[in-house]
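J.: File name upload32.cif; file contents mmCIF, C-alpha atoms and all ligand atoms; full text below.
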data_final
#
loop_
_atom_site.label_atom_id
_atom_site.label_comp_id
_atom_site.auth_asym_id
_atom_site.auth_seq_id
_atom_site.Cartn_x
_atom_site.Cartn_y
_atom_site.Cartn_z
CA MET N 4 0.00 0.00 0.00
CA ALA N 5 1.27 3.47 -0.87
CA VAL N 6 2.61 5.52 2.02
CA ASN N 7 0.60 8.70 2.59
CA LEU N 8 3.13 11.54 2.69
CA LEU N 9 0.63 13.81 4.48
CA ASP N 10 1.39 11.74 7.60
CA PHE N 11 4.97 13.09 7.81
CA ASP N 12 6.39 16.28 9.27
CA ALA N 13 9.80 17.44 8.02
CA GLU N 14 11.78 15.19 10.33
CA SER N 15 9.83 12.02 9.64
CA LEU N 16 9.70 12.72 5.90
CA THR N 17 13.49 13.08 5.88
CA ALA N 18 13.81 9.78 7.74
CA TRP N 19 11.45 8.08 5.28
CA PHE N 20 13.41 9.47 2.32
CA ALA N 21 16.63 8.18 3.90
CA GLN N 22 15.07 4.71 4.08
CA GLN N 23 14.44 5.00 0.33
CA GLY N 24 18.09 5.96 -0.23
CA GLU N 25 17.24 9.61 -0.95
CA LYS N 26 18.99 12.73 0.32
CA PRO N 27 17.46 15.11 2.91
CA PHE N 28 17.13 17.96 0.39
CA ARG N 29 14.78 15.77 -1.69
CA ALA N 30 12.51 15.46 1.33
CA ARG N 31 12.56 19.24 1.71
CA GLN N 32 11.66 19.70 -1.97
CA VAL N 33 8.75 17.30 -1.71
CA LEU N 34 7.55 18.86 1.55
CA ARG N 35 7.52 22.25 -0.14
CA TRP N 36 5.63 20.96 -3.17
CA ILE N 37 3.00 19.27 -1.06
CA HIS N 38 2.37 21.88 1.60
CA ARG N 39 3.60 25.20 0.33
CA PHE N 40 2.37 24.77 -3.22
CA GLY N 41 -0.53 22.40 -2.48
CA GLU N 42 0.61 19.89 -5.08
CA GLY N 43 -0.52 16.29 -4.81
CA ASP N 44 0.70 14.99 -8.17
CA PHE N 45 4.32 13.79 -8.17
CA ASN N 46 4.47 14.26 -11.95
CA ALA N 47 3.95 17.99 -11.46
CA MET N 48 6.91 18.31 -9.06
CA SER N 49 9.08 19.60 -11.84
CA ASP N 50 12.41 19.97 -10.01
CA LEU N 51 12.50 16.33 -8.90
CA ALA N 52 14.54 13.86 -10.93
CA ARG N 53 12.33 11.82 -13.22
CA SER N 54 13.54 8.62 -11.56
CA LEU N 55 12.44 9.91 -8.14
CA ARG N 56 9.04 10.95 -9.47
CA GLU N 57 8.55 7.50 -10.94
CA LYS N 58 9.62 5.88 -7.70
CA LEU N 59 7.26 8.02 -5.63
CA LEU N 60 4.37 7.17 -7.98
CA THR N 61 4.78 3.51 -7.11
CA ILE N 62 5.36 3.71 -3.33
CA ALA N 63 3.78 6.95 -2.08
CA ALA N 64 0.68 9.10 -2.35
CA VAL N 65 -0.72 12.42 -1.16
CA SER N 66 -4.12 11.31 0.11
CA PRO N 67 -6.29 13.71 2.07
CA ALA N 68 -9.70 12.61 3.30
CA PRO N 69 -12.23 13.02 0.45
CA THR N 70 -14.45 16.11 0.54
CA LEU N 71 -18.09 15.24 1.20
CA SER N 72 -19.47 18.75 1.09
CA ASP N 73 -18.41 22.38 0.80
CA LYS N 74 -20.95 24.97 1.92
CA LEU N 75 -20.71 28.74 1.82
CA SER N 76 -22.62 30.82 4.37
CA ALA N 77 -24.18 34.19 3.59
CA ASP N 78 -21.53 35.81 5.86
CA GLY N 79 -18.63 34.20 3.95
CA THR N 80 -18.01 31.39 6.43
CA ARG N 81 -17.27 28.16 4.58
CA LYS N 82 -17.78 24.69 5.99
CA PHE N 83 -16.09 21.60 4.61
CA LEU N 84 -17.11 18.07 5.51
CA PHE N 85 -14.44 15.38 5.06
CA ASP N 86 -15.03 11.64 4.88
CA VAL N 87 -12.71 9.78 7.28
CA GLY N 88 -14.20 6.36 6.59
CA ASN N 89 -16.58 3.90 8.24
CA GLY N 90 -19.41 6.41 8.12
CA ASN N 91 -17.44 9.08 10.02
CA ALA N 92 -17.06 12.64 8.82
CA VAL N 93 -15.25 15.62 10.31
CA GLU N 94 -15.85 19.29 9.76
CA THR N 95 -13.50 22.14 9.03
CA VAL N 96 -14.67 25.74 9.04
CA PHE N 97 -13.07 28.76 7.38
CA ILE N 98 -13.95 32.11 8.92
CA PRO N 99 -12.90 35.16 6.88
CA GLU N 100 -12.50 38.43 8.77
CA GLU N 101 -11.00 41.81 8.06
CA GLY N 102 -7.25 41.24 7.69
CA ARG N 103 -7.23 37.54 8.47
CA GLY N 104 -8.72 34.15 7.65
CA THR N 105 -9.06 31.51 10.35
CA LEU N 106 -9.41 27.80 9.76
CA CYS N 107 -11.03 25.78 12.53
CA VAL N 108 -9.64 22.23 12.34
CA SER N 109 -10.92 18.97 13.86
CA SER N 110 -8.69 16.50 15.71
CA GLN N 111 -10.96 13.53 16.36
CA ALA N 112 -14.05 11.92 14.83
CA GLY N 113 -16.41 12.51 17.73
CA CYS N 114 -15.10 13.14 21.23
CA ALA N 115 -14.90 11.07 24.39
CA LEU N 116 -15.02 13.97 26.82
CA ASP N 117 -18.77 14.43 26.66
CA CYS N 118 -19.09 18.09 27.61
CA THR N 119 -22.75 18.57 28.32
CA PHE N 120 -23.39 21.54 26.02
CA CYS N 121 -21.42 20.25 23.01
CA SER N 122 -22.95 18.61 19.96
CA THR N 123 -19.71 16.81 19.09
CA GLY N 124 -19.58 15.20 22.53
CA ARG N 125 -23.09 13.96 21.98
CA GLN N 126 -22.06 11.66 19.14
CA GLY N 127 -19.57 9.86 21.37
CA PHE N 128 -16.03 8.96 20.40
CA ASN N 129 -15.28 7.25 17.12
CA ARG N 130 -11.51 7.54 16.69
CA ASN N 131 -8.47 9.78 16.65
CA LEU N 132 -7.64 11.39 13.34
CA THR N 133 -4.27 10.58 11.82
CA THR N 134 -1.74 13.34 11.18
CA ALA N 135 -2.67 13.12 7.49
CA GLU N 136 -6.33 13.66 8.34
CA ILE N 137 -5.54 16.66 10.56
CA ILE N 138 -3.10 18.44 8.24
CA GLY N 139 -5.15 17.25 5.26
CA GLN N 140 -7.93 19.60 6.37
CA LEU N 141 -5.56 22.55 6.00
CA TRP N 142 -4.14 21.17 2.76
CA GLN N 143 -7.59 20.70 1.24
CA ALA N 144 -8.98 24.00 2.52
CA ASN N 145 -5.99 25.90 1.13
CA ARG N 146 -6.56 24.38 -2.27
CA LEU N 147 -10.32 24.84 -2.28
CA LEU N 148 -10.15 28.41 -0.99
CA SER N 149 -7.55 29.53 -3.51
CA ILE N 150 -9.12 27.96 -6.59
CA ASN N 151 -9.95 31.43 -7.92
CA ALA N 152 -6.68 32.97 -6.73
CA PRO N 153 -3.92 30.38 -7.14
CA GLY N 154 -0.94 31.01 -4.90
CA GLU N 155 -2.82 33.37 -2.64
CA ARG N 156 -2.65 32.51 1.06
CA VAL N 157 -6.09 33.07 2.55
CA ILE N 158 -5.58 31.10 5.77
CA SER N 159 -3.57 33.19 8.22
CA ASN N 160 -4.60 31.48 11.47
CA VAL N 161 -5.42 27.94 12.51
CA VAL N 162 -7.40 27.05 15.61
CA MET N 163 -7.64 23.45 16.77
CA MET N 164 -11.20 24.02 17.93
CA GLY N 165 -13.20 21.75 15.67
CA MET N 166 -14.47 18.33 16.58
CA GLY N 167 -12.56 16.49 19.30
CA GLU N 168 -10.10 17.21 22.10
CA PRO N 169 -6.76 17.84 20.35
CA LEU N 170 -4.63 16.99 23.38
CA ALA N 171 -6.29 13.58 23.60
CA ASN N 172 -4.76 12.88 20.19
CA PHE N 173 -1.34 14.20 21.09
CA ASP N 174 0.91 11.98 18.99
CA HIS N 175 -0.92 12.78 15.75
CA LEU N 176 -1.44 16.43 16.65
CA ILE N 177 2.21 17.38 17.18
CA PRO N 178 3.48 16.54 13.64
CA ALA N 179 0.49 18.42 12.21
CA LEU N 180 1.31 21.49 14.34
CA ARG N 181 4.96 21.29 13.28
CA LEU N 182 3.89 21.31 9.62
CA MET N 183 1.72 24.37 10.25
CA LEU N 184 4.78 26.18 11.63
CA ASP N 185 7.35 24.86 9.13
CA ASP N 186 8.64 27.49 6.69
CA ASN N 187 8.77 24.81 3.98
CA ALA N 188 5.10 24.03 4.61
CA TYR N 189 2.58 26.60 5.90
CA GLY N 190 4.98 28.95 7.71
CA LEU N 191 2.48 30.18 10.30
CA SER N 192 3.83 31.84 13.42
CA ARG N 193 3.27 30.15 16.78
CA ARG N 194 1.00 33.03 17.76
CA ARG N 195 -1.31 32.24 14.87
CA VAL N 196 -1.77 28.58 15.69
CA THR N 197 -4.01 27.89 18.68
CA VAL N 198 -4.70 24.62 20.45
CA SER N 199 -7.93 24.64 22.39
CA THR N 200 -8.26 22.15 25.22
CA SER N 201 -10.87 21.28 27.77
CA GLY N 202 -8.03 20.96 30.29
CA ILE N 203 -6.02 17.73 30.12
CA VAL N 204 -3.35 18.97 32.50
CA PRO N 205 -0.45 16.55 31.79
CA ALA N 206 -0.89 17.08 28.05
CA ILE N 207 -0.75 20.88 28.50
CA ASP N 208 2.69 20.40 30.04
CA ARG N 209 3.72 18.08 27.21
CA LEU N 210 2.55 20.61 24.61
CA ALA N 211 4.71 23.27 26.26
CA GLU N 212 7.74 21.05 25.70
CA ALA N 213 6.87 19.59 22.29
CA CYS N 214 5.39 22.52 20.36
CA PRO N 215 4.32 25.60 22.33
CA VAL N 216 1.66 27.39 20.32
CA ALA N 217 -1.09 29.70 21.57
CA LEU N 218 -3.32 28.03 24.13
CA ALA N 219 -7.07 28.36 24.63
CA VAL N 220 -8.84 26.61 27.49
CA SER N 221 -12.52 25.75 27.42
CA LEU N 222 -13.38 26.94 30.91
CA HIS N 223 -17.18 27.37 30.92
CA ALA N 224 -17.61 27.38 34.71
CA PRO N 225 -16.07 29.23 37.67
CA THR N 226 -16.33 26.46 40.25
CA ASP N 227 -15.47 22.77 40.36
CA GLY N 228 -19.04 21.88 41.27
CA LEU N 229 -20.47 23.33 38.07
CA ARG N 230 -17.51 22.47 35.85
CA ASP N 231 -17.61 18.84 36.96
CA ARG N 232 -21.03 18.70 35.35
CA LEU N 233 -20.46 20.84 32.24
CA VAL N 234 -16.93 19.64 31.42
CA PRO N 235 -16.58 16.18 33.01
CA ILE N 236 -12.77 16.03 32.54
CA ASN N 237 -12.74 18.54 35.41
CA ARG N 238 -13.35 15.66 37.82
CA LYS N 239 -9.92 14.37 36.90
CA TYR N 240 -8.14 17.72 36.57
CA PRO N 241 -9.92 20.24 38.79
CA LEU N 242 -9.67 24.00 38.42
CA ALA N 243 -6.75 24.58 40.80
CA GLU N 244 -4.62 22.11 38.82
CA LEU N 245 -5.79 23.62 35.54
CA MET N 246 -4.92 27.18 36.61
CA ALA N 247 -1.46 26.01 37.75
CA ALA N 248 -0.94 24.29 34.36
CA CYS N 249 -1.89 27.53 32.58
CA GLN N 250 0.68 29.44 34.61
CA ARG N 251 3.36 26.87 33.76
CA TYR N 252 2.40 27.00 30.08
CA LEU N 253 2.84 30.75 29.93
CA VAL N 254 6.57 30.32 30.54
CA HIS N 255 6.78 28.68 27.07
CA ALA N 256 3.82 30.24 25.27
CA PRO N 257 4.24 32.50 22.25
CA ARG N 258 1.65 34.85 23.71
CA ASP N 259 1.72 36.28 27.21
CA PHE N 260 -1.84 35.28 27.99
CA ILE N 261 -4.14 32.26 27.93
CA THR N 262 -7.48 32.56 26.18
CA PHE N 263 -10.37 31.26 28.25
CA GLU N 264 -13.41 30.20 26.24
CA TYR N 265 -16.69 30.55 28.10
CA VAL N 266 -19.97 29.44 26.55
CA MET N 267 -22.91 31.50 27.83
CA LEU N 268 -25.67 29.22 29.10
CA ASP N 269 -28.84 30.88 30.26
CA GLY N 270 -29.35 30.41 33.98
CA VAL N 271 -26.50 27.92 34.28
CA ASN N 272 -23.18 29.79 34.35
CA ASP N 273 -24.03 33.40 33.54
CA SER N 274 -24.92 35.12 36.83
CA ASP N 275 -23.15 38.14 38.36
CA ALA N 276 -21.84 35.80 41.07
CA ASP N 277 -20.38 33.49 38.37
CA ALA N 278 -18.56 36.45 36.79
CA ARG N 279 -17.15 37.51 40.16
CA ALA N 280 -16.10 33.92 40.92
CA LEU N 281 -14.27 33.86 37.57
CA LEU N 282 -12.35 37.00 38.47
CA HIS N 283 -11.21 35.30 41.65
CA LEU N 284 -10.36 32.04 39.85
CA VAL N 285 -8.07 33.60 37.24
CA ARG N 286 -6.51 36.24 39.48
CA ASP N 287 -2.99 34.80 38.97
CA VAL N 288 -3.29 33.85 35.28
CA PRO N 289 -2.75 36.54 32.62
CA CYS N 290 -5.67 35.87 30.32
CA LYS N 291 -8.32 37.02 27.91
CA PHE N 292 -11.90 35.86 27.96
CA ASN N 293 -13.85 34.92 24.89
CA LEU N 294 -17.56 34.73 25.67
CA ILE N 295 -19.35 32.42 23.26
CA PRO N 296 -23.09 32.72 22.69
CA PHE N 297 -24.42 29.17 22.97
CA ASN N 298 -25.75 27.83 19.67
CA PRO N 299 -28.66 25.57 20.49
CA PHE N 300 -28.82 22.21 18.73
CA PRO N 301 -31.65 19.67 18.83
CA ALA N 302 -32.43 18.52 22.38
CA SER N 303 -29.39 20.26 23.83
CA GLY N 304 -31.28 21.11 27.01
CA PHE N 305 -29.67 24.58 27.14
CA ARG N 306 -30.48 28.04 25.94
CA CYS N 307 -28.18 30.91 25.16
CA SER N 308 -27.94 33.71 27.72
CA THR N 309 -29.82 36.86 26.80
CA ALA N 310 -27.92 39.71 25.15
CA GLU N 311 -28.44 41.85 28.25
CA ARG N 312 -27.08 39.07 30.54
CA MET N 313 -24.01 38.63 28.34
CA ARG N 314 -23.43 42.38 28.34
CA ARG N 315 -23.67 42.53 32.14
CA PHE N 316 -21.43 39.45 32.55
CA ALA N 317 -18.80 40.95 30.26
CA ALA N 318 -19.02 44.27 32.09
CA ILE N 319 -18.18 42.64 35.44
CA LEU N 320 -15.14 40.92 33.93
CA LEU N 321 -14.05 44.17 32.27
CA GLU N 322 -14.48 46.13 35.51
CA GLY N 323 -12.33 43.45 37.15
CA GLY N 324 -9.51 44.29 34.73
CA LEU N 325 -9.85 41.45 32.19
CA VAL N 326 -9.83 41.72 28.42
CA VAL N 327 -13.14 40.33 27.17
CA THR N 328 -14.51 39.70 23.71
CA THR N 329 -17.86 38.27 22.80
CA ARG N 330 -17.68 35.99 19.80
CA LYS N 331 -19.88 36.86 16.88
CA THR N 332 -21.98 33.95 15.73
CA ARG N 333 -20.84 33.06 12.23
CA GLY N 334 -22.14 30.65 9.66
CA ASP N 335 -25.19 29.59 11.62
CA ASP N 336 -27.19 29.21 8.40
CA ILE N 337 -24.90 26.27 7.53
CA ASP N 338 -24.55 24.87 11.08
CA ALA N 339 -20.94 26.04 11.22
CA ALA N 340 -21.27 28.08 14.38
CA CYS N 341 -19.39 26.96 17.48
CA GLY N 342 -20.90 23.91 19.11
CA GLN N 343 -22.76 22.93 15.95
CA LEU N 344 -19.94 21.11 14.26
CA ALA N 345 -21.41 17.66 14.66
CA GLY N 346 -24.65 18.67 13.01
CA GLN N 347 -27.57 16.49 13.90
CA VAL N 348 -26.31 13.37 15.60
CA LEU N 349 -27.50 10.47 17.64
CA ASP N 350 -26.88 10.91 21.35
CA ARG N 351 -24.61 8.00 22.23
CA SER N 352 -23.31 9.64 25.36
CA ARG N 353 -24.48 9.47 28.94
CA ARG N 354 -25.33 13.15 29.06
CA VAL N 355 -29.12 12.90 29.02
CA GLN N 356 -29.15 11.27 32.44
CA ARG N 357 -26.48 13.66 33.69
CA ALA N 358 -28.21 16.78 32.38
CA ALA N 359 -30.99 16.21 34.86
CA THR N 360 -28.47 16.84 37.67
CA ILE N 361 -27.26 20.22 36.41
CA PRO N 362 -28.56 23.08 38.53
CA VAL N 363 -30.61 25.40 36.37
CA ARG N 364 -31.60 28.63 37.95
CA ASN N 365 -34.22 30.10 35.71
CA PHE N 366 -35.52 27.67 33.17
CA SER N 367 -36.94 24.20 33.11
CA MET N 368 -35.08 21.32 31.47
CA SER N 369 -38.26 19.40 30.95
CA GLY N 370 -39.13 18.79 27.35
CA THR N 371 -35.74 19.94 26.09
CA ALA N 372 -33.61 16.83 26.40
CA ALA N 373 -34.30 13.84 24.18
S1 LIG N 401 -16.37 20.79 23.99
FE1 LIG N 401 -14.52 19.91 23.03
S2 LIG N 401 -13.74 18.45 24.58
FE2 LIG N 401 -15.88 18.88 25.15
S3 LIG N 401 -17.08 17.24 24.15
FE3 LIG N 401 -17.03 19.01 22.74
S4 LIG N 401 -15.32 18.58 21.36
FE4 LIG N 401 -15.06 17.27 23.19
#
Could I get this structure in the form of structure tokens?
T.:
Amino acid sequence: MAVNLLDFDAESLTAWFAQQGEKPFRARQVLRWIHRFGEGDFNAMSDLARSLREKLLTIAAVSPAPTLSDKLSADGTRKFLFDVGNGNAVETVFIPEEGRGTLCVSSQAGCALDCTFCSTGRQGFNRNLTTAEIIGQLWQANRLLSINAPGERVISNVVMMGMGEPLANFDHLIPALRLMLDDNAYGLSRRRVTVSTSGIVPAIDRLAEACPVALAVSLHAPTDGLRDRLVPINRKYPLAELMAACQRYLVHAPRDFITFEYVMLDGVNDSDADARALLHLVRDVPCKFNLIPFNPFPASGFRCSTAERMRRFAAILLEGGLVVTTRKTRGDDIDAACGQLAGQVLDRSRRVQRAATIPVRNFSMSGTAA
């Protein structure tokens, strides 16, 4: 079977070329063709010796996951669906903004962490994506986005915020991150590549050593009691450990702050007291807060906080000295908004039973959960 060269970062591609009796500079040439120029056809790699091209045609391939769909939202957001086999698909979302274009990349088919408010968690865990399937999303998106402007780089930022917990797929994630940063591949700066985690503390430390890029943490609750229910991994790595890991990470991070993501759930985590508890929680962690309006999905059991509640919540954080942004909802006409990546899925998780135990202050759960 042909070896998929999308699985290799520079170091492993060089090692593979050495096994084939080829020099390191050949690996660099091929890396550049594949990732910098988006070329998947060895015959088109014009500065390779003909004998090498012929050899590669028989033993290697550039094989991204096939594209199942490509939808454009009215606001310019574009959602790609890639087929990763056995009935599994992953989504990749491109978000164009003034002066930058961000690609939101998936790391797993499904997710085992089962956060209560997340549609991906609802479909349960299928499998880790390979490095080829992770970097292949960027490779494919680059090609599809620049069809009308060949050579133009429209993706300036990558966020590992799609389906899955990236740090639970560490060994396949790291080579993909290294390719994103490699000048012979995508050449993105560490500040423009963000890994978003729900808080797997040992893996945060490993990331700091292996490939320190910008870090976002899905916080979503100011206390262990509530976070245990919304983000179950908190039972294993509670908030005090998570805050300490964030402080350690900042020693290596390319930015001097951690981004905390906080989904706004009506009556669940959005009170004045919650905002004040957050200020206390992060008092020793230089950070920014990104408040995310919850995007309801079928039978989620949650509602988004009101605009007035979000404004008040943000105001308390701002008065407390934090930098706060409220994410604009993008692409919701194509289900590409945050928390909608899984689309409509079967609930294979245990969350329905657990949802009944979540304290809800001002609305009834009855009739909302399946
Ligand atoms: S929020 Fe992230 S970690 Fe939690 S279930 Fe969804 S994809 Fe997994």
J.: Choose the residue, out of N:Leu176, N:Leu229, N:Val285, N:Met166, that has the smallest atom-to-atom separation from ligand LIG 401 (chain N); count all atoms listed in the file.
T.: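 For ligand LIG 401 (chain N), the nearest of the given residues is N:Met166.
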J.: Measuring between only C-alpha atoms, which one of N:Arg194, N:Arg103, N:His175, N:Arg181 shows the shortest distance to Arg130 (chain N)?
T.: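 Residue with the minimum atom-to-atom distance to Arg130 (chain N): N:His175.
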J.: In the coordinate frame of the file, compute which residues have an atom within 9 Å of (-8.1, 13.2, 11.6) when using only C-alpha atoms, and state them as a list in words.
T.: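 Within the cut-off we find Ala68, Val87, Val93, Ser109, Ser110, Gln111, Ala112, Arg130, Asn131, Leu132, Thr133, Thr134, Ala135, Glu136, Ile137, Ile138, Gly139, Gln140, His175 and Leu176 of chain N.
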J.: Please write the residues from the selection above to a file, keeping C-alpha atoms, as a compact mmCIF listing (two decimals), keeping the file's coordinate frame.
T.:
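Result written to out_29.txt:
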# COMPACT_ATOMS: atom_id res chain seq x y z
CA ALA N 68 -9.70 12.61 3.30
CA VAL N 87 -12.71 9.78 7.28
CA VAL N 93 -15.25 15.62 10.31
CA SER N 109 -10.92 18.97 13.86
CA SER N 110 -8.69 16.50 15.71
CA GLN N 111 -10.96 13.53 16.36
CA ALA N 112 -14.05 11.92 14.83
CA ARG N 130 -11.51 7.54 16.69
CA ASN N 131 -8.47 9.78 16.65
CA LEU N 132 -7.64 11.39 13.34
CA THR N 133 -4.27 10.58 11.82
CA THR N 134 -1.74 13.34 11.18
CA ALA N 135 -2.67 13.12 7.49
CA GLU N 136 -6.33 13.66 8.34
CA ILE N 137 -5.54 16.66 10.56
CA ILE N 138 -3.10 18.44 8.24
CA GLY N 139 -5.15 17.25 5.26
CA GLN N 140 -7.93 19.60 6.37
CA HIS N 175 -0.92 12.78 15.75
CA LEU N 176 -1.44 16.43 16.65
J.: Using only C-alpha atoms and all ligand atoms, tabulate the residues of chain N lying at most 8 Å from any atom of ligand LIG 401 (chain N), each with its closest atom pair and that distance in Å to one decimal, by chain and increasing residue number, as a Markdown table.
T.:
| residue | atom | partner | partner_atom | distance |
| --- | --- | --- | --- | --- |
| N:Gly113 | CA | N:LIG401 | S4 | 7.2 |
| N:Cys114 | CA | N:LIG401 | FE4 | 4.6 |
| N:Ala115 | CA | N:LIG401 | FE4 | 6.3 |
| N:Leu116 | CA | N:LIG401 | S3 | 4.7 |
| N:Asp117 | CA | N:LIG401 | S3 | 4.1 |
| N:Cys118 | CA | N:LIG401 | S3 | 4.1 |
| N:Thr119 | CA | N:LIG401 | S3 | 7.2 |
| N:Phe120 | CA | N:LIG401 | S1 | 7.3 |
| N:Cys121 | CA | N:LIG401 | FE3 | 4.6 |
| N:Ser122 | CA | N:LIG401 | FE3 | 6.6 |
| N:Thr123 | CA | N:LIG401 | FE3 | 5.0 |
| N:Gly124 | CA | N:LIG401 | S3 | 3.6 |
| N:Arg125 | CA | N:LIG401 | S3 | 7.2 |
| N:Met164 | CA | N:LIG401 | FE1 | 7.3 |
| N:Gly165 | CA | N:LIG401 | S4 | 6.8 |
| N:Met166 | CA | N:LIG401 | S4 | 4.9 |
| N:Gly167 | CA | N:LIG401 | S4 | 4.0 |
| N:Glu168 | CA | N:LIG401 | S2 | 4.6 |
| N:Thr200 | CA | N:LIG401 | S2 | 6.6 |
| N:Ser201 | CA | N:LIG401 | S2 | 5.1 |
| N:Ser221 | CA | N:LIG401 | S1 | 7.2 |
| N:Val234 | CA | N:LIG401 | FE2 | 6.4 |
| N:Gly342 | CA | N:LIG401 | FE3 | 7.2 |
J.: Would you please work out which residue, of N:Thr329, N:Asn145, N:Ser303, N:Ser308, is nearest to Val271 (chain N) when using all atoms listed in the file?
T.: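 Among the listed residues, N:Ser308 lies closest to Val271 (chain N).
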J.: Which one of N:Asp12, N:Gln126, N:Glu57, N:Ala144 sits closest to Leu84 (chain N) if you count only C-alpha atoms?
T.: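 Residue with the minimum atom-to-atom distance to Leu84 (chain N): N:Ala144.
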J.: Quick one: residues within 10 Å of (-10.4, 31.4, 38.9) (file frame), counting only C-alpha atoms, please, as a JSON list (two decimals) with C-alpha atoms, keeping the file's coordinate frame.
T.:
[["chain", "number", "residue", "atom", "x", "y", "z"],
["N", 222, "LEU", "CA", -13.38, 26.94, 30.91],
["N", 224, "ALA", "CA", -17.61, 27.38, 34.71],
["N", 225, "PRO", "CA", -16.07, 29.23, 37.67],
["N", 226, "THR", "CA", -16.33, 26.46, 40.25],
["N", 242, "LEU", "CA", -9.67, 24.00, 38.42],
["N", 243, "ALA", "CA", -6.75, 24.58, 40.80],
["N", 245, "LEU", "CA", -5.79, 23.62, 35.54],
["N", 246, "MET", "CA", -4.92, 27.18, 36.61],
["N", 278, "ALA", "CA", -18.56, 36.45, 36.79],
["N", 279, "ARG", "CA", -17.15, 37.51, 40.16],
["N", 280, "ALA", "CA", -16.10, 33.92, 40.92],
["N", 281, "LEU", "CA", -14.27, 33.86, 37.57],
["N", 282, "LEU", "CA", -12.35, 37.00, 38.47],
["N", 283, "HIS", "CA", -11.21, 35.30, 41.65],
["N", 284, "LEU", "CA", -10.36, 32.04, 39.85],
["N", 285, "VAL", "CA", -8.07, 33.60, 37.24],
["N", 286, "ARG", "CA", -6.51, 36.24, 39.48],
["N", 287, "ASP", "CA", -2.99, 34.80, 38.97],
["N", 288, "VAL", "CA", -3.29, 33.85, 35.28]]
J.: Do you know which residues are at most 9 Å from region 13-28 of chain N counting only C-alpha atoms, after dropping those on the same chain fewer than 6 positions away, and could you put them as a compact mmCIF listing (two decimals) with C-alpha atoms, in the frame of the given file?
T.:
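The new file part33.txt reads:
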# COMPACT_ATOMS: atom_id res chain seq x y z
CA LEU N 34 7.55 18.86 1.55
CA LEU N 55 12.44 9.91 -8.14
CA PRO N 178 3.48 16.54 13.64
CA ARG N 181 4.96 21.29 13.28
CA LEU N 182 3.89 21.31 9.62
CA ASP N 185 7.35 24.86 9.13
CA ASN N 187 8.77 24.81 3.98
CA ALA N 188 5.10 24.03 4.61
J.: Pick the closest to Phe128 (chain N) from N:Cys214, N:Ile261, N:Ala171, N:Leu184: which is it, counting only C-alpha atoms?
T.: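 Closest candidate: N:Ala171.
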J.: Might you pull out every residue within 12 Å of Arg251 (chain N), with all atoms listed in the file counted and same-chain residues fewer than 4 positions away left off, and present them as a list in words?
T.: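 The neighbour list is Val204, Pro205, Ile207, Asp208, Arg209, Leu210, Ala211, Glu212, Pro215, Leu218, Glu244, Leu245, Met246, Ala247, His255, Ala256, Asp259, Phe260, Ile261, Asp287, Val288 and Pro289 of chain N.
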J.: May I ask for the distance between CA of Met163 (chain N) and CA of Trp142 (chain N), given in Å to one decimal place?
T.: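 We find that CA of Met163 (chain N) and CA of Trp142 (chain N) lie 14.6 Å from each other.
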J.: Excluding same-chain residues fewer than 6 positions from Asp273 (chain N), what lies within 12 Å of it counting all atoms listed in the file, as a PyMOL selection string?
T.: chain N and resi 223-225+229+265-267+279-281+294-297+306-317+319-320+363-365
J.: Quick one, how far is CA of Gly79 (chain N) from CA of Pro99 (chain N)?
T.: 6.5 Å
J.: Can you tell me how far CA of Leu9 (chain N) sits from CA of Thr80 (chain N), in Å to one decimal?
T.: 25.7 Å
J.: Give the answer as one residue: which of N:Val220, N:Leu170, N:Ile158, N:Leu8 has the shortest atom-to-atom distance to Gly190 (chain N), using all atoms listed in the file?
T.: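 Using all atoms listed in the file, the shortest distance to Gly190 (chain N) belongs to N:Ile158.
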J.: Region 316-332 of chain N, all listed atoms, 3 Å padding on each side: what axis-aligned box centre and edge lengths in Å to one decimal come out, as AutoDock Vina command-line options?
T.:
--center_x -15.7 --center_y 40.0 --center_z 26.4 --size_x 18.5 --size_y 18.2 --size_z 27.4
